[in-house]
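One file, query.txt, carrying compact mmCIF, C-alpha atoms:
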```
# COMPACT_ATOMS: atom_id res chain seq x y z
CA ALA A 1 158.38 -36.25 2.41
CA ASP A 2 154.77 -37.42 2.08
CA ASP A 3 153.79 -35.51 5.23
CA ALA A 4 155.68 -32.46 4.20
CA ALA A 5 154.21 -32.75 0.76
CA GLY A 6 150.59 -33.19 2.22
CA ARG A 7 150.54 -30.25 4.71
CA PRO A 8 150.74 -27.58 2.12
CA ARG A 9 147.82 -29.21 0.31
CA ARG A 10 145.73 -29.29 3.55
CA ARG A 11 146.52 -25.63 4.16
CA ARG A 12 145.28 -24.79 0.66
CA ARG A 13 142.00 -26.69 1.29
CA SER A 14 141.53 -24.92 4.64
CA GLY A 15 142.17 -21.54 2.98
CA ALA A 16 139.65 -22.34 0.27
CA ARG A 17 137.03 -23.22 2.84
CA ARG A 18 137.64 -19.94 4.65
CA ALA A 19 137.33 -18.04 1.38
CA VAL A 20 134.03 -19.75 0.55
CA ALA A 21 132.71 -19.09 4.04
CA ALA A 22 133.67 -15.44 3.78
CA LEU A 23 131.96 -15.17 0.41
CA VAL A 24 128.79 -16.77 1.81
CA MET A 25 128.88 -14.34 4.73
CA VAL A 26 129.24 -11.36 2.40
CA LEU A 27 126.35 -12.57 0.26
CA ALA A 28 124.22 -13.24 3.31
CA LEU A 29 124.88 -9.77 4.65
CA ALA A 30 124.11 -8.31 1.28
CA LEU A 31 120.77 -10.12 1.21
CA VAL A 32 119.91 -9.00 4.72
CA VAL A 33 120.77 -5.38 3.99
CA GLY A 34 118.89 -5.56 0.71
CA ALA A 35 115.87 -7.01 2.43
CA GLY A 36 116.07 -4.24 4.98
CA ILE A 37 116.09 -1.56 2.28
CA VAL A 38 113.08 -3.08 0.50
CA GLY A 39 111.22 -3.56 3.77
CA TRP A 40 111.86 0.01 4.90
CA ASN A 41 110.73 1.39 1.55
CA PHE A 42 107.45 -0.47 2.02
CA VAL A 43 106.91 0.18 5.71
CA SER A 44 108.10 3.76 5.91
CA PRO A 45 105.01 5.28 4.15
CA LEU A 46 102.76 3.27 6.43
CA LEU A 47 104.55 4.63 9.47
CA ASP A 48 104.42 8.17 8.13
CA ARG A 49 100.72 7.96 7.13
CA GLU A 50 98.14 9.20 9.67
CA PRO A 51 95.38 6.71 10.46
CA ALA A 52 92.07 7.35 8.65
CA PRO A 53 89.39 8.96 10.85
CA GLU A 54 86.92 6.50 12.33
CA ASP A 55 83.76 6.29 10.27
CA TYR A 56 80.48 4.39 10.19
CA ALA A 57 79.76 2.12 7.27
CA GLY A 58 76.65 2.16 5.12
CA PRO A 59 73.64 4.44 4.68
CA GLY A 60 72.53 4.50 8.32
CA THR A 61 69.09 3.97 9.85
CA GLY A 62 66.14 5.96 11.17
CA GLU A 63 65.83 9.70 10.64
CA VAL A 64 67.32 12.74 12.31
CA GLN A 65 67.15 16.40 11.33
CA VAL A 66 70.28 18.53 11.18
CA GLN A 67 70.38 22.27 10.58
CA VAL A 68 73.12 23.92 8.53
CA GLU A 69 73.47 27.59 9.40
CA GLN A 70 74.51 30.39 7.07
CA GLY A 71 78.31 30.66 7.16
CA ASP A 72 78.94 27.18 8.61
CA THR A 73 82.33 25.67 7.77
CA GLY A 74 82.95 22.00 7.09
CA GLN A 75 84.17 21.69 10.67
CA ASP A 76 80.94 23.28 11.95
CA ILE A 77 78.80 20.93 9.88
CA GLY A 78 80.85 17.94 11.00
CA GLU A 79 80.37 18.87 14.64
CA ALA A 80 76.60 19.21 14.13
CA LEU A 81 76.52 15.80 12.46
CA VAL A 82 78.47 14.15 15.29
CA GLU A 83 76.23 15.77 17.90
CA ALA A 84 73.15 14.44 16.10
CA GLY A 85 74.62 10.95 15.88
CA VAL A 86 74.83 11.00 12.10
CA VAL A 87 78.58 10.51 11.57
CA ARG A 88 81.09 9.00 13.94
CA THR A 89 83.80 11.68 13.86
CA VAL A 90 84.25 15.21 12.61
CA GLY A 91 87.40 14.09 10.81
CA ALA A 92 85.50 11.50 8.81
CA PHE A 93 83.15 14.19 7.49
CA THR A 94 85.81 16.81 6.77
CA THR A 95 87.88 14.17 4.96
CA ALA A 96 84.89 13.20 2.79
CA ALA A 97 84.10 16.87 2.15
CA ALA A 98 87.70 17.68 1.19
CA ALA A 99 87.60 14.91 -1.41
CA ASP A 100 84.43 16.27 -3.07
CA PRO A 101 84.53 19.75 -4.68
CA GLU A 102 80.72 19.87 -4.60
CA SER A 103 80.80 20.07 -0.81
CA ALA A 104 81.35 23.82 -1.09
CA SER A 105 77.79 24.15 -2.47
CA ILE A 106 76.00 22.87 0.65
CA GLN A 107 73.13 25.29 1.31
CA PRO A 108 71.88 26.52 4.68
CA GLY A 109 68.74 24.73 5.79
CA THR A 110 67.37 21.76 7.68
CA TYR A 111 68.13 18.28 6.33
CA ALA A 112 66.61 14.86 6.96
CA LEU A 113 69.56 12.50 7.54
CA ARG A 114 69.97 9.10 9.21
CA GLU A 115 71.78 7.93 12.31
CA GLU A 116 75.19 6.25 12.03
CA MET A 117 75.77 6.98 8.35
CA SER A 118 79.10 6.89 6.58
CA ALA A 119 80.47 10.40 6.15
CA ALA A 120 80.27 10.03 2.36
CA SER A 121 76.58 9.07 2.57
CA ALA A 122 75.85 12.04 4.83
CA LEU A 123 77.60 14.36 2.39
CA ASP A 124 75.53 12.99 -0.49
CA LEU A 125 72.30 13.84 1.34
CA LEU A 126 73.51 17.31 2.28
CA LEU A 127 74.05 17.92 -1.44
CA SER A 128 70.62 16.55 -2.38
CA PRO A 129 67.67 18.99 -2.57
CA SER A 130 65.34 16.11 -1.74
CA ALA A 131 66.83 15.91 1.75
CA ARG A 132 65.86 19.50 2.57
CA VAL A 133 62.95 19.70 4.98
CA ASP A 134 62.51 23.46 4.82
CA LEU A 135 59.00 24.85 4.41
CA GLN A 136 58.22 26.45 1.05
CA VAL A 137 55.41 28.92 0.47
CA GLN A 138 54.53 30.09 -3.04
CA LEU A 139 52.16 33.04 -3.44
CA ILE A 140 51.05 34.17 -6.90
CA GLU A 141 50.29 37.74 -7.97
CA GLY A 142 46.83 39.12 -7.30
CA LEU A 143 45.87 36.96 -4.33
CA ARG A 144 43.58 38.50 -1.76
CA ALA A 145 44.93 38.36 1.78
CA ALA A 146 42.38 35.72 2.81
CA ASP A 147 43.57 33.40 0.05
CA ALA A 148 47.24 34.12 0.70
CA LEU A 149 46.85 33.39 4.42
CA ALA A 150 45.06 30.12 3.66
CA GLN A 151 47.96 29.13 1.41
CA ILE A 152 50.51 30.00 4.10
CA GLU A 153 48.57 27.94 6.64
CA ALA A 154 48.51 24.94 4.28
CA ASP A 155 52.25 25.18 3.60
CA THR A 156 53.51 25.93 7.12
CA GLY A 157 50.86 24.71 9.54
CA LEU A 158 50.62 28.19 11.08
CA ALA A 159 46.99 29.11 11.79
CA VAL A 160 45.38 31.95 9.83
CA ASP A 161 44.33 33.68 13.05
CA GLU A 162 47.91 33.54 14.32
CA LEU A 163 49.17 35.01 11.05
CA ARG A 164 46.63 37.83 11.15
CA ALA A 165 47.56 38.61 14.74
CA ALA A 166 51.23 38.77 13.77
CA ALA A 167 50.48 41.85 11.66
CA THR A 168 50.31 43.95 14.84
CA ASP A 169 53.78 42.92 16.01
CA PRO A 170 56.19 45.90 16.07
CA SER A 171 58.74 43.99 13.98
CA VAL A 172 56.31 43.79 11.02
CA PRO A 173 56.96 46.88 8.85
CA LEU A 174 53.37 47.65 7.86
CA PRO A 175 52.72 51.35 7.19
CA ALA A 176 50.47 53.02 9.76
CA GLU A 177 47.81 53.66 7.09
CA ALA A 178 47.31 49.89 6.73
CA GLN A 179 45.96 49.79 10.29
CA GLY A 180 47.17 46.26 10.82
CA ASN A 181 45.51 44.98 7.62
CA LEU A 182 47.77 42.68 5.61
CA GLU A 183 45.81 43.16 2.36
CA GLY A 184 48.27 44.04 -0.37
CA TYR A 185 51.41 43.41 1.66
CA LEU A 186 51.83 39.62 1.49
CA PHE A 187 54.15 39.91 -1.48
CA PRO A 188 53.79 37.24 -4.20
CA ALA A 189 56.97 35.17 -4.33
CA THR A 190 58.39 31.79 -3.34
CA TYR A 191 59.66 31.71 0.25
CA THR A 192 61.73 29.16 2.13
CA PHE A 193 61.43 28.95 5.91
CA GLU A 194 62.88 26.75 8.62
CA PRO A 195 60.47 24.18 10.13
CA ASP A 196 60.31 26.11 13.41
CA VAL A 197 59.51 29.48 11.80
CA THR A 198 57.04 31.70 13.66
CA ALA A 199 54.01 33.56 12.31
CA VAL A 200 55.71 36.88 13.01
CA GLU A 201 58.79 35.84 11.03
CA VAL A 202 56.69 34.73 8.05
CA VAL A 203 54.55 37.85 7.95
CA SER A 204 57.49 40.17 8.55
CA THR A 205 59.46 38.57 5.71
CA MET A 206 56.61 38.99 3.21
CA VAL A 207 55.78 42.56 4.19
CA ALA A 208 59.45 43.54 4.05
CA ARG A 209 59.67 42.06 0.54
CA ALA A 210 56.65 44.09 -0.57
CA GLU A 211 58.13 47.30 0.71
CA ARG A 212 61.51 46.59 -0.85
CA GLY A 213 59.97 47.37 -4.25
CA LEU A 214 58.70 50.68 -2.91
CA VAL A 215 62.09 51.61 -1.49
CA GLU A 216 63.86 50.64 -4.71
CA GLY A 217 61.34 52.74 -6.63
CA GLY A 218 62.17 55.78 -4.52
CA VAL A 219 58.69 56.00 -2.97
CA PRO A 220 58.73 57.92 0.35
CA PRO A 221 57.20 56.03 3.30
CA GLU A 222 54.23 58.39 3.51
CA GLU A 223 53.27 57.32 -0.06
CA TRP A 224 53.68 53.56 0.44
CA HIS A 225 50.06 52.76 1.21
CA ARG A 226 48.65 54.84 -1.65
CA THR A 227 51.14 53.33 -4.09
CA MET A 228 50.27 49.79 -3.00
CA THR A 229 46.58 50.59 -3.41
CA VAL A 230 47.10 51.80 -6.98
CA ALA A 231 49.38 48.83 -7.70
CA SER A 232 46.70 46.40 -6.53
CA LEU A 233 44.18 47.99 -8.93
CA VAL A 234 46.69 47.68 -11.76
CA GLU A 235 47.28 44.02 -10.82
CA ALA A 236 43.54 43.34 -10.90
CA GLU A 237 42.76 45.24 -14.10
CA ALA A 238 45.71 44.51 -16.43
CA SER A 239 46.82 40.96 -17.15
CA ARG A 240 49.35 42.02 -19.80
CA GLU A 241 52.46 43.68 -18.48
CA GLU A 242 52.68 46.18 -21.36
CA ASP A 243 49.23 47.57 -20.44
CA ARG A 244 50.00 48.19 -16.79
CA PRO A 245 51.67 51.63 -16.99
CA ARG A 246 48.71 52.89 -19.10
CA VAL A 247 46.16 51.49 -16.63
CA ALA A 248 48.04 53.30 -13.85
CA ARG A 249 47.83 56.50 -15.90
CA VAL A 250 44.04 56.13 -16.35
CA ILE A 251 43.69 55.70 -12.57
CA GLU A 252 45.66 58.88 -11.90
CA ASN A 253 43.85 60.84 -14.63
CA ARG A 254 40.41 59.90 -13.31
CA VAL A 255 41.35 60.62 -9.70
CA ASP A 256 42.78 64.00 -10.70
CA ALA A 257 39.58 64.80 -12.63
CA GLY A 258 37.35 63.79 -9.72
CA MET A 259 35.78 60.97 -11.76
CA PRO A 260 34.81 57.71 -10.05
CA LEU A 261 37.04 54.83 -11.13
CA GLN A 262 34.05 52.49 -11.71
CA PHE A 263 36.14 49.30 -11.49
CA ASP A 264 34.23 46.05 -11.27
CA THR A 265 37.24 44.53 -9.49
CA THR A 266 36.72 46.83 -6.50
CA VAL A 267 33.03 45.94 -6.43
CA ASP A 268 33.98 42.25 -6.42
CA TYR A 269 36.27 42.93 -3.48
CA ALA A 270 33.46 44.68 -1.63
CA THR A 271 30.99 41.84 -2.25
CA GLY A 272 33.49 38.98 -1.93
CA LYS A 273 32.68 37.80 -5.43
CA ARG A 274 34.85 37.11 -8.48
CA GLY A 275 33.85 37.43 -12.10
CA VAL A 276 34.10 39.21 -15.44
CA THR A 277 31.10 41.48 -14.86
CA THR A 278 29.01 42.81 -11.99
CA THR A 279 25.26 43.32 -11.54
CA ASP A 280 23.34 46.52 -10.83
CA GLU A 281 22.79 45.23 -7.31
CA ASP A 282 26.52 44.60 -6.87
CA ARG A 283 27.36 48.09 -8.08
CA ALA A 284 24.94 49.58 -5.55
CA THR A 285 26.75 47.98 -2.60
CA ASP A 286 27.51 50.50 0.12
CA SER A 287 31.22 50.00 0.68
CA PRO A 288 34.19 52.37 0.55
CA TYR A 289 35.71 49.83 -1.87
CA ASN A 290 32.83 50.36 -4.32
CA THR A 291 34.37 52.78 -6.82
CA TYR A 292 31.04 53.21 -8.60
CA VAL A 293 29.60 54.82 -5.48
CA TYR A 294 32.65 56.49 -3.96
CA PRO A 295 35.06 58.60 -6.04
CA GLY A 296 38.80 58.43 -5.62
CA LEU A 297 40.88 55.46 -4.56
CA PRO A 298 39.54 52.73 -2.27
CA PRO A 299 40.86 52.88 1.32
CA GLY A 300 43.52 50.25 0.66
CA PRO A 301 44.78 47.50 -1.65
CA ILE A 302 42.40 44.83 -2.93
CA ASN A 303 45.05 42.15 -3.57
CA SER A 304 48.81 41.52 -3.43
CA PRO A 305 50.48 43.21 -6.42
CA GLY A 306 53.75 41.98 -7.89
CA ASP A 307 56.83 43.92 -8.96
CA SER A 308 55.53 44.96 -12.39
CA ALA A 309 52.29 46.35 -10.97
CA ILE A 310 54.20 48.25 -8.29
CA ALA A 311 56.57 49.62 -10.94
CA ALA A 312 53.59 50.79 -13.03
CA ALA A 313 52.06 52.54 -10.03
CA VAL A 314 55.37 54.26 -9.30
CA ASN A 315 55.93 55.27 -12.95
CA PRO A 316 52.64 55.53 -14.88
CA ALA A 317 52.85 56.03 -18.63
CA ASP A 318 52.34 59.52 -20.05
CA GLY A 319 49.03 59.91 -21.83
CA PRO A 320 45.54 61.48 -21.85
CA TRP A 321 43.52 58.24 -21.56
CA MET A 322 40.48 58.36 -19.32
CA TYR A 323 38.99 54.93 -20.09
CA PHE A 324 40.02 51.36 -20.74
CA VAL A 325 38.28 48.02 -21.14
CA ALA A 326 39.52 44.47 -21.66
CA VAL A 327 37.85 43.68 -24.99
CA ASN A 328 39.00 40.04 -24.80
CA PRO A 329 39.34 38.78 -21.23
CA SER A 330 40.67 35.45 -22.55
CA THR A 331 43.78 37.06 -24.03
CA GLY A 332 43.86 40.17 -21.86
CA GLU A 333 43.64 42.46 -24.90
CA THR A 334 42.82 45.93 -23.55
CA ARG A 335 41.74 49.06 -25.43
CA PHE A 336 42.34 52.60 -24.13
CA ALA A 337 40.32 55.70 -24.97
CA VAL A 338 40.43 59.43 -24.37
CA THR A 339 36.73 60.20 -25.01
CA PHE A 340 33.58 58.48 -23.82
CA ASP A 341 32.48 57.82 -27.41
CA GLU A 342 35.73 56.00 -28.14
CA HIS A 343 35.27 54.02 -24.98
CA GLN A 344 31.75 52.99 -25.96
CA GLN A 345 33.06 51.54 -29.20
CA ASN A 346 35.52 49.45 -27.19
CA VAL A 347 32.77 48.42 -24.75
CA ARG A 348 30.79 47.04 -27.68
CA LEU A 349 33.75 44.80 -28.55
CA PHE A 350 33.73 43.54 -24.97
CA GLN A 351 29.98 42.88 -25.13
CA GLN A 352 30.51 40.94 -28.35
CA TRP A 353 33.07 38.78 -26.55
CA LEU A 354 30.54 38.17 -23.78
CA ARG A 355 27.93 36.99 -26.28
CA GLU A 356 30.39 34.74 -28.10
CA ASN A 357 31.52 33.19 -24.85
CA GLY A 358 28.13 32.66 -23.30
CA SER A 359 28.57 35.35 -20.67
CA ASP A 360 25.96 37.79 -21.90
```

Just dump the structure as structure tokens.
Amino acid sequence: ADDAAGRPRRRRRSGARRAVAALVMVLALALVVGAGIVGWNFVSPLLDREPAPEDYAGPGTGEVQVQVEQGDTGQDIGEALVEAGVVRTVGAFTTAAAADPESASIQPGTYALREEMSAASALDLLLSPSARVDLQVQLIEGLRAADALAQIEADTGLAVDELRAAATDPSVPLPAEAQGNLEGYLFPATYTFEPDVTAVEVVSTMVARAERGLVEGGVPPEEWHRTMTVASLVEAEASREEDRPRVARVIENRVDAGMPLQFDTTVDYATGKRGVTTTDEDRATDSPYNTYVYPGLPPGPINSPGDSAIAAAVNPADGPWMYFVAVNPSTGETRFAVTFDEHQQNVRLFQQWLRENGSD
């Protein structure tokens, strides 16, 4: 009876153990599956993610020049950087560029970069004007060709003789009347050139810019040289822009009347001097540029006129004036007159200025 009574109890204990074991197994499986879900959620993005492009670290060393051409894409720039040893991979640069909206503003030009830079550091320099190594030439209005050429030589390293010789190159659009003389055609502006620019490219660029104003003004090619000559006189004689169309009109009126221009500025050009007045000896100089001796226009420009002087030469003001004088050279105040008597009154104001400023 005891055995019979004990077996059922043992069976119940054995069943309980099996139930507990089953429960443990279920829980264990649940934990394993749960761990697998969490693990996959963490690992899956890492497996899906492409590896970052290889890149150098830091700002790099040394110096290397890289040229960005007009129309280059980010891929093109990246390839140039890799070829120059600046960045490690094209992908590193394009990735850095894609992350920076300013990268679209990279300008064509030559840049001073460093070898083995991080792509981000290279991008920063390409966006920095200070990294540009282009040559800049700034010419102001009214420069004589000799002075303009000296400035170009100082800014580019191109010799003056080489620049003068470039004027005869067929690609330089000088009018035939200029006879290879650059006077008047080195247009005053700020220019940017690549470090390896040639003398012909520099001269051609400046001459083409001068003639652009003539084309835009509707001047026919056969009138270019005459217009530039008048414009150079306007540039020399009128410092205030509002006076320039009237100075151009006086020039045309005197030429039409057969009167000599009698401009001290042309005498200065003939003698190589600069000043407010000229001497009797200066005015007796035998030169086709001496408009006291020779009537009509001088044979060519006497300086490089800017846009406003060219515009005045193309469109002189309407008026009967035959004379003008700057009564105050300090301010540029200029008086215009129709008769000689009126002009003499204005000349006396100029002479008063000379006395007051110790230039009598």

**OP:** Considering all atoms listed in the file, state which residue in the set A:Met117, A:Val230, A:Val133, A:Ile106 is at the smallest distance from Val66 of chain A.
**Re:**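 Ranked by minimum distance to Val66 of chain A, first place goes to A:Val133.
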
Original post:
How many Å lie between atom CA of Ala97 of chain A and atom CA of Ala120 of chain A, rounded to one decimal?
Top reply: 7.8 Å

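Non-sequential neighbours of Leu127 of chain A (distance at most 10 Å, separation of 6 or more positions within a chain, all atoms listed in the file) are A:Glu102, A:Ser103, A:Ala104, A:Ser105, A:Ile106, A:Gln107, A:Tyr111.
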
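Proximity of A:Leu186, A:Leu174, A:Ala312, A:Ala159 to Ile140 of chain A, computed with only C-alpha atoms, is greatest for A:Leu186.
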
Subject >> Surrounding residues of segment 332-334 of chain A excluding itself and chain neighbours under 5 positions, 10 Å, all atoms listed in the file, as a ChimeraX atom specification >> reply: /A:237-241,243,247,324-327,346,350
